Structures are given as C-alpha cells and as structure tokens.
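One structure below.
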Amino acid sequence: MNSPAIRVDTSSPVPPYEQIRAQLAALITTGRLLERERLPTVRQLAADLGLAAGTVARAYRELEAASLIHTRRGAGTRVAPLPSRAPDPDPTRLAELARQFVTHARTLGAEGDAVMTAVREALEELP
Amino acid sequence: MLAFDAESTASAADRYLRWAGLLIGAVAARAVGHGLDAGEDVGILYAIPVFGLCAVAGVLAGDALTARPRGDVRTAGLTPRRVRDYVPPRMTLLLLGQAGVLVVLLAVAAVLASPDDMGRAGRILTVTCPDGRTASTGPWPGLFYGLPVLASFAVSTAGCLWSLTKIARRPGDEKTRRDRALAIVAAWGLLVSAPLLGAASTASGALMDMTCDGTVGRLATWVLWPTALAALVTVAWCLFTVISPKARVRR
C-alpha cells in the first residue's frame, strides 16, 4: 500500500493550512493513519510542500486542538486515539455538506455525472 | 530534457561546492596547523577538525542549493525522515565504537599522565619500576593533547549532527540525501579516527619505550596496536569518501 500523501493547491481559495488540516483529519478519521503513527515534523512537511513552517504548525495546532494528534517533546507528533464516533452521522449535516459540494462543482461547470464520478473517486481514495 | 539538464547542473554545482569545501579546508587546516605549531606541537590537533568542518560546510552548501517545490499543486509524503535512515549503518556503528574508544583512551591516558621536565602537565608517562627507580617516556596523550582533541570532537560532533538533521529534512530525492549523509559521516569519521590513530599509536609507542611497564604495559600495547590499525583503515575510508563524492564503496 502506498504511503499517504498531502496535496496542497496554492492557487485554491482555501488556505494551505486548512487544506493540510482537512486532509490529515480525513486520513486519521478514516483510519488510513493509524493510532500512534508518527507524522513528519513541521519543518520536514513545510520544506517538502515549499510552505512556511508556521503554515504547517497552524494545521498541526488545530488538529491537536481537535484531539486528532498529539505532540510531545522528544516523541514527535503522533496520531491520537480516535474519539468514539457517533453511531450514525447527522443526516441534516450530511445533506448540507452535499449541497455545498454540489454548489461548488456546478460553479466549476460540472454536470451531474461528473459530480457523481468525482464523489465515487473520492470515496475510493478515502475509503 | 529540461528537467534532466537542471538536475545535472544542480549535481555538478553540488560537486563543485563539495570540492571547494575540501580545498578551503586543506588551506585552512595548513594555516591553522602551522600557526599553532609555532609554540607547541599541537597544530595537527586543530588542523584535522578544521579540514573536516570545511568538508561538512561544502556538503551543506550543496544541500542549500536543493530546489524548493514550485508550481501551484505540491505533494508531500507523510513518512517521517530520520537521520538514522540515511547514514551508512555499519560504518556509523564502527565510528561510534571508535568514538567511545577514543574518549576512554584519552580519559585513561589523562589519569596516568605526568608533567614533563619543564613542569607542563599531561605530556609524559612516568612509571615506578620494581627496583624503585622511575622511568619516563613521552609524548604521551595526556590532557595537554587530549583536551584539544576532546573539545574539537565535541564541537564537530554537534556540527555534524545538526548537518545530518538539516539534510534529512530537506526536500529532494532519497539518493541525494543518502550521498550527503554519507559525506557528513565520513567527515565526522575523519575527526574521530584520525585522533584515535594519533592517540593509540603515541600511547603504544610510549609503552614500547618502557622497559619496566610489566604485563599491564604489554597487554595495553597489544590492545593499542590493533586499535591504531583499525583507525588507520577508517581514516583511509573516510578520506577517500570525503574527497570522492561520486565514490560508491561497500559499507
């Protein structure tokens, strides 16, 4: 299995720290990054992405505040134990997220089939 | 094609910077060695670390040329890169062992050392023979020689560790990171094995001059000669690796 990677689009209106935070959060909550798995240092990830260390540090801080990772001096940054998940996702919230996604996709000019394909590919990428 | 050209240009620049580091190191080491030899014969003790640190600086200068990621879309893996993943494992273990032997040897030599006939501490070995007379021999790697060695060893170890951390964090390909880490380890190895060669051969030479050092002296000589020989082999490997950045030797 390929090691997971982070992808940042610097031309996107979403700030890079938020892109990093969202992707790491998705990798952790979907189990692609396992509990206690070590993450790269802020400096390494920042250097690899060509971003300022503060940008990556902000993403890590927010993930730490959400209890998804923890950092200890000498032990580095590791994936925290997952909080117990709600048995069923909130349907209202899920519908709201879907509406947001469809709105953005339509803004890009995507048709219904292209939107469904993109969702299926994202689900395969992040099972 | 353009990517290949950029890569080969970066690789050539990297190599020239390393050689520039070596050249500056050789000139600086010679200047330091001669400068400090005017009063006392300790120039070589400072010349070796100066050469080694200039070699490290040359590698780091090449490392600083590593291209930063460009373009709107950038990707990065999530596998942490650690220094120990890039250093040559067997050679690093051998050099760490030699560093331990060097520290122990200098500590023991410092305890056994005596002042010379001019009252300068830590320069000779004096032994009381069974018949009551005292025998002295030198030079002996006491504190007079040991302190500069240990001080430069501490400084260069810190510098090399810092450099290895920088190299492991820098973006780029794995092969280049391994090449640079190898050069840094070889430069550090030079700073460990050259003083070990000097200390072990000086101490064994002094002990062989002694006629009444007994079984302990003979045993020490039997331990020191192989130590010096191993250090000599390591010095040759380190020097070869440092001065030939494209060398691929079994390690």
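Ordered as shown in the structure tokens, chains take letters A, B, and onward, while each chain numbers its residues from 1 and ligands are numbered from 1 in the order shown.
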
Kindly assemble as CSV a list of the chain A residues that lie within 10 Å of chain B, each paired with its nearest atom pair and their distance in Å to one decimal, using only C-alpha atoms, sorted first by chain and then by ascending residue number.
residue,atom,partner,partner_atom,distance
A:Asn2,CA,B:Gly77,CA,9.6
A:Ser3,CA,B:Gly77,CA,6.8
A:Pro4,CA,B:Leu78,CA,6.1
A:Ala5,CA,B:Gly77,CA,4.2
A:Ile6,CA,B:Ala76,CA,5.3
A:Arg7,CA,B:Thr75,CA,4.3
A:Val8,CA,B:Arg74,CA,5.3
A:Asp9,CA,B:Val73,CA,4.3
A:Thr10,CA,B:Asp72,CA,4.9
A:Ser11,CA,B:Asp72,CA,5.7
A:Ser12,CA,B:Asp72,CA,8.5
A:Leu24,CA,B:Leu78,CA,9.5
A:Leu33,CA,B:Leu78,CA,9.4
A:Glu37,CA,B:Thr79,CA,9.5
A:Arg38,CA,B:Pro80,CA,6.9
A:Leu39,CA,B:Pro80,CA,5.9
A:Pro40,CA,B:Pro80,CA,4.1
A:Thr41,CA,B:Pro80,CA,6.9
A:Val42,CA,B:Arg169,CA,9.7
A:Arg43,CA,B:Arg169,CA,6.9
A:Gln44,CA,B:Arg169,CA,4.7
A:Leu45,CA,B:Ala76,CA,6.8
A:Ala46,CA,B:Ala76,CA,9.0
A:Ala47,CA,B:Pro171,CA,5.9
A:Asp48,CA,B:Pro171,CA,4.9
A:Leu49,CA,B:Arg74,CA,5.8
A:Gly50,CA,B:Pro69,CA,5.0
A:Leu51,CA,B:Pro69,CA,8.7
A:Gly76,CA,B:Pro80,CA,9.7
A:Thr77,CA,B:Pro80,CA,9.8

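Within 9 Å of range 135-137 of chain B, once only C-alpha atoms are used and residues closer than 3 positions along the same chain are dropped, the contacting residues are Ser114, Asp116, Ile124, Leu125, Thr126, Val127, Thr128, Cys129, Trp140, Ala206, Leu207, Asp209, Met210, Thr211 and Cys212 of chain B.
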
Exercise. Assign secondary structure with DSSP using the backbone only, and return the residues of range 89-211 of chain B in strand (DSSP E) as a ChimeraX atom specification.
Key: /B:113-114,124-128,134-137

As a compact mmCIF listing (two decimals) with N, CA, C and O atoms, in the first residue's frame, please: the residues near range 115-123 of chain A (cut-off 12 Å, only C-alpha atoms, same-chain neighbours under 4 positions excluded).
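In the end it all went to selection_36.txt:
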# COMPACT_ATOMS: atom_id res chain seq x y z
N GLN A 23 -7.06 17.37 5.06
CA GLN A 23 -6.59 16.08 4.54
C GLN A 23 -6.09 15.16 5.64
O GLN A 23 -6.36 13.97 5.65
N ALA A 26 -9.01 13.84 7.57
CA ALA A 26 -9.70 12.77 6.83
C ALA A 26 -8.91 11.47 6.90
O ALA A 26 -9.48 10.39 7.10
N THR A 30 -10.57 8.29 8.87
CA THR A 30 -10.92 7.12 8.06
C THR A 30 -9.99 5.94 8.35
O THR A 30 -10.13 4.88 7.72
N ALA A 98 -23.30 17.94 1.30
CA ALA A 98 -23.52 17.53 -0.10
C ALA A 98 -23.95 18.73 -0.93
O ALA A 98 -23.48 18.92 -2.06
N ARG A 99 -24.84 19.55 -0.37
CA ARG A 99 -25.31 20.75 -1.10
C ARG A 99 -24.14 21.69 -1.38
O ARG A 99 -24.00 22.22 -2.47
N PHE A 101 -21.01 20.90 -1.65
CA PHE A 101 -20.13 20.31 -2.67
C PHE A 101 -20.73 20.48 -4.07
O PHE A 101 -20.05 20.87 -5.02
N VAL A 102 -22.04 20.19 -4.19
CA VAL A 102 -22.69 20.29 -5.50
C VAL A 102 -22.66 21.73 -5.99
O VAL A 102 -22.40 22.00 -7.18
N THR A 103 -22.86 22.69 -5.08
CA THR A 103 -22.82 24.11 -5.47
C THR A 103 -21.44 24.46 -6.04
O THR A 103 -21.33 25.07 -7.11
N HIS A 104 -20.39 24.03 -5.32
CA HIS A 104 -19.02 24.33 -5.79
C HIS A 104 -18.76 23.66 -7.13
O HIS A 104 -18.16 24.25 -8.03
N ALA A 105 -19.21 22.40 -7.26
CA ALA A 105 -18.97 21.65 -8.51
C ALA A 105 -19.69 22.32 -9.67
O ALA A 105 -19.15 22.42 -10.78
N ARG A 106 -20.93 22.79 -9.44
CA ARG A 106 -21.68 23.46 -10.51
C ARG A 106 -20.99 24.76 -10.91
O ARG A 106 -20.98 25.13 -12.09
N THR A 107 -20.41 25.45 -9.92
CA THR A 107 -19.67 26.68 -10.22
C THR A 107 -18.54 26.39 -11.18
O THR A 107 -18.18 27.23 -12.02
N LEU A 108 -17.96 25.20 -11.04
CA LEU A 108 -16.86 24.80 -11.93
C LEU A 108 -17.38 24.38 -13.30
O LEU A 108 -16.59 24.13 -14.22
N GLY A 109 -18.71 24.21 -13.43
CA GLY A 109 -19.30 23.81 -14.71
C GLY A 109 -19.49 22.31 -14.82
O GLY A 109 -19.73 21.80 -15.93
N ALA A 110 -19.40 21.59 -13.69
CA ALA A 110 -19.53 20.13 -13.75
C ALA A 110 -20.99 19.71 -13.87
O ALA A 110 -21.86 20.31 -13.23
N GLU A 111 -21.22 18.68 -14.71
CA GLU A 111 -22.58 18.13 -14.85
C GLU A 111 -22.79 17.05 -13.78
O GLU A 111 -21.86 16.66 -13.09
N PRO A 127 -11.38 5.50 1.68
CA PRO A 127 -12.46 4.55 1.99
C PRO A 127 -13.02 4.76 3.41
O PRO A 127 -12.29 5.19 4.28

Quiz item: Contacts of Gly142 in chain B at 6 Å or less, counting only C-alpha atoms, minus same-chain residues fewer than 3 places along, as a ChimeraX atom specification?
Solution: /B:109-110,113,122-123,145-146

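In this structure, CA of Arg15 in chain B sits 8.4 Å away from CA of Val59 in chain B.
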
Practice problem: Would you list the contacts of Leu17 in chain B as a list in words, taking every protein, DNA or RNA residue within 7 Å and counting only C-alpha atoms, but skipping same-chain residues closer than 2 positions in sequence? | Solution: Ala13, Asp14, Arg15, Trp19, Ala20, Gly21, Gly58, Ala61 and Gly62 of chain B

Resulting file, chosen residues, N, CA and C atoms, as a CSV table (one decimal), in the first residue's frame:
chain,number,residue,atom,x,y,z
B,13,ALA,N,27.0,21.5,-9.6
B,13,ALA,CA,27.2,22.6,-8.7
B,13,ALA,C,27.4,22.0,-7.3
B,14,ASP,N,26.7,21.0,-7.0
B,14,ASP,CA,26.8,20.3,-5.7
B,14,ASP,C,28.2,19.7,-5.5
B,15,ARG,N,28.7,19.1,-6.6
B,15,ARG,CA,30.1,18.5,-6.6
B,15,ARG,C,31.1,19.6,-6.4
B,19,TRP,N,34.0,20.1,-3.5
B,19,TRP,CA,35.4,20.2,-3.7
B,19,TRP,C,35.9,21.6,-3.2
B,20,ALA,N,35.1,22.6,-3.3
B,20,ALA,CA,35.5,23.9,-2.8
B,20,ALA,C,35.7,23.8,-1.3
B,21,GLY,N,34.8,23.2,-0.6
B,21,GLY,CA,34.9,23.0,0.8
B,21,GLY,C,36.2,22.3,1.2
B,58,GLY,N,31.1,22.4,2.9
B,58,GLY,CA,30.9,22.2,1.4
B,58,GLY,C,29.7,21.4,1.1
B,61,ALA,N,26.6,23.5,1.8
B,61,ALA,CA,26.4,24.5,0.7
B,61,ALA,C,25.7,23.9,-0.5
B,62,GLY,N,26.1,22.7,-0.8
B,62,GLY,CA,25.5,22.0,-1.9
B,62,GLY,C,24.0,21.7,-1.6

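Reported to one decimal place, the separation of CA of Leu68 in chain A from CA of Leu97 in chain A is 21.1 Å.
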
Practice problem: Quick one: pull the distance between CA of Cys238 in chain B and CA of Ala220 in chain B, Å, one decimal. | Solution: 26.4 Å

Quiz item: Out of chain A, which residues get helix (DSSP H, G or I) from DSSP, as a ChimeraX atom specification?
Solution: /A:16-29,42-49,53-65,91-107,112-125

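The neighbours of Gly189 in chain B here are the residues that come within 9 Å of it, using only C-alpha atoms and leaving out any residue fewer than 6 positions away in the same chain; they are Gly52, Met91, Thr92, Leu95, Leu96, Gln98, Ala99, Thr234, Val235, Trp237, Cys238 and Leu239 of chain B.
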
Please provide the set of residues having any atom within 10 Å of Leu147 in chain B, restricted to only C-alpha atoms, with same-chain residues fewer than 4 positions apart removed, written as a tab-separated table (two decimals) with N, CA, C and O atoms, in the first residue's frame.
chain	number	residue	atom	x	y	z
B	45	LEU	N	46.30	18.82	15.84
B	45	LEU	CA	45.08	18.53	16.61
B	45	LEU	C	43.95	19.47	16.22
B	45	LEU	O	42.78	19.12	16.35
B	106	LEU	N	41.59	8.50	25.98
B	106	LEU	CA	42.09	9.81	26.42
B	106	LEU	C	41.87	10.00	27.93
B	106	LEU	O	42.69	10.61	28.61
B	107	ALA	N	40.75	9.46	28.45
B	107	ALA	CA	40.48	9.58	29.90
B	107	ALA	C	41.52	8.80	30.69
B	107	ALA	O	42.09	9.30	31.67
B	110	ALA	N	44.86	10.47	30.47
B	110	ALA	CA	44.90	11.69	31.29
B	110	ALA	C	45.18	11.34	32.75
B	110	ALA	O	45.94	12.03	33.44
B	122	GLY	N	50.48	16.72	31.93
B	122	GLY	CA	49.81	15.86	30.95
B	122	GLY	C	50.57	15.61	29.68
B	122	GLY	O	49.96	15.45	28.63
B	141	PRO	N	49.61	10.82	25.34
B	141	PRO	CA	48.37	11.57	25.07
B	141	PRO	C	47.60	11.95	26.34
B	141	PRO	O	46.44	11.57	26.52
B	142	GLY	N	48.26	12.69	27.22
B	142	GLY	CA	47.59	13.17	28.44
B	142	GLY	C	46.69	14.36	28.12
B	142	GLY	O	46.41	14.65	26.95
B	143	LEU	N	46.32	15.08	29.17
B	143	LEU	CA	45.35	16.17	28.97
B	143	LEU	C	45.88	17.27	28.05
B	143	LEU	O	45.10	17.93	27.37
B	151	ALA	N	37.73	18.68	22.91
B	151	ALA	CA	36.95	19.89	22.64
B	151	ALA	C	36.54	19.94	21.16
B	151	ALA	O	35.37	20.17	20.84
B	152	SER	N	37.51	19.67	20.27
B	152	SER	CA	37.16	19.74	18.84
B	152	SER	C	36.23	18.60	18.46
B	152	SER	O	35.36	18.74	17.60
B	153	PHE	N	36.36	17.45	19.15
B	153	PHE	CA	35.47	16.32	18.90
B	153	PHE	C	34.03	16.69	19.27
B	153	PHE	O	33.09	16.41	18.51
